[in-house]
Amino acid sequence: MREFFKSWRFKILLGVVAVFIGVMLYEASTGGLSAPNGLIGSLTAPIQQGASAVSNGVSGFFDKFLNAGNYKKENEELKGQIADLQQQIVDYEKMKEQNEQLKEIAGIKETNPDFDMEPATVIARDPSDAYGSFTINKGSVNGVKKNDPVITSAGLVGQVTSVGLTYAHVTTLLSPDLEISGYEVRTKDTGVVSGELALSQEGFCQMKHLSKETSIAKGYIVCTAGSSGLYPQDLIIGTVQEIKVQNNGISAYAVIKPSVDVTEVTNVAVLKSFLGQGVNIPGNEASSEQE
């Protein structure tokens, strides 16, 4: 018997009894449940919590399983609503763009009632072209023709150089392929506006065949002369940045910043007809536009 009191079993039993007595005394002193009930509650609480968690988990699983059909239906409805909203945004942007085009054309028409124009949007650009050529969404079905000028309310952009049924390719005034007779509005000096590779990298073009004694200066404005009948007179081309002497030392040229950023423009107007179209003014053959 003496050996039992010294064994580890007795020590464990003694510890359990001490915990039991401690719990009873604590419950009694706090005025809670009776000592036996409090002890039972303390011992069973973890089990109850575990059972509750399992029950809630099982309930949630079956709820999701049973309502999966409803969730799928709601998801499809939400997807449909999102698609409708996206289409509304697209329609709104199209309408907004059309309104902007019509306003711009109305502004041009106000000062040029003889202009017959077709609004167009840039739909593609050629990344390999250093001169900013692009494609528009209007073609022969819309009355667009090769050599038609392309403009905005700010001025000249370029010329239609090829036409498809529903699209057209535009070469900009940065390109050396275009040569446009132009004049400076103050001095009335005339020359040929054309592109050049090095200048095009800066977004500039040039008016060449000027006299070395020209009075043209920085800030002066260059417009179309309209001498060949391909372009109407007085379309703004751009502003003079500087005057330079040609390598031959005989003539000069003006570096011009176009009034329209042809590399960024998105909405344009194709000038299908205008007063004086196709009429070559005598005496201006030397500076007429190339077709």
# chains A, B, ... in the order shown; residues from 1 in each chain; ligands from 1
call {"tool": "residues_around", "arguments": {"residues": "Ile250 in chain A", "least_positions_apart": "5", "cutoff": "9 Å", "atoms": "only C-alpha atoms", "output": "list in words"}}
result
Ser211, Lys212 and Val245 of chain A
call {"tool": "residues_around", "arguments": {"residues": "Gln277 in chain A", "least_positions_apart": "3", "cutoff": "8 Å", "atoms": "only C-alpha atoms", "output": "ChimeraX atom specification"}}
result
/A:229-232,273-274
call {"tool": "write_last_selection", "arguments": {"atoms": "C-alpha atoms", "output": "PDB file, in the first residue's frame"}}
result
ATOM      1  CA  GLY A 229      -6.556  71.586-108.586  1.00  0.00           C
ATOM      2  CA  LEU A 230      -5.739  68.642-106.318  1.00  0.00           C
ATOM      3  CA  TYR A 231      -6.086  70.723-103.151  1.00  0.00           C
ATOM      4  CA  PRO A 232      -8.271  73.738-102.436  1.00  0.00           C
ATOM      5  CA  SER A 273     -15.123  67.643-104.052  1.00  0.00           C
ATOM      6  CA  PHE A 274     -14.592  71.385-103.824  1.00  0.00           C
TER       7      PHE A 274
END
call {"tool": "closest_residue", "arguments": {"among": "A:Gly139, A:Ala217, A:Ile243, A:Val255", "to": "Ser194 in chain A", "atoms": "only C-alpha atoms"}}
result
A:Val255
call {"tool": "atom_distance", "arguments": {"atom1": "CA of Leu156 in chain A", "atom2": "CA of Asp261 in chain A"}}
result
10.1 Å
call {"tool": "closest_residue", "arguments": {"among": "A:Leu165, A:Leu235, A:Ala269, A:Leu173", "to": "Lys257 in chain A", "atoms": "only C-alpha atoms"}}
result
A:Leu173
call {"tool": "select_by_dssp", "arguments": {"residues": "range 62-167 of chain A", "states": "strand (DSSP E or B)", "output": "PyMOL selection string"}}
result
chain A and resi 116-125+134-136+149-152+155-163
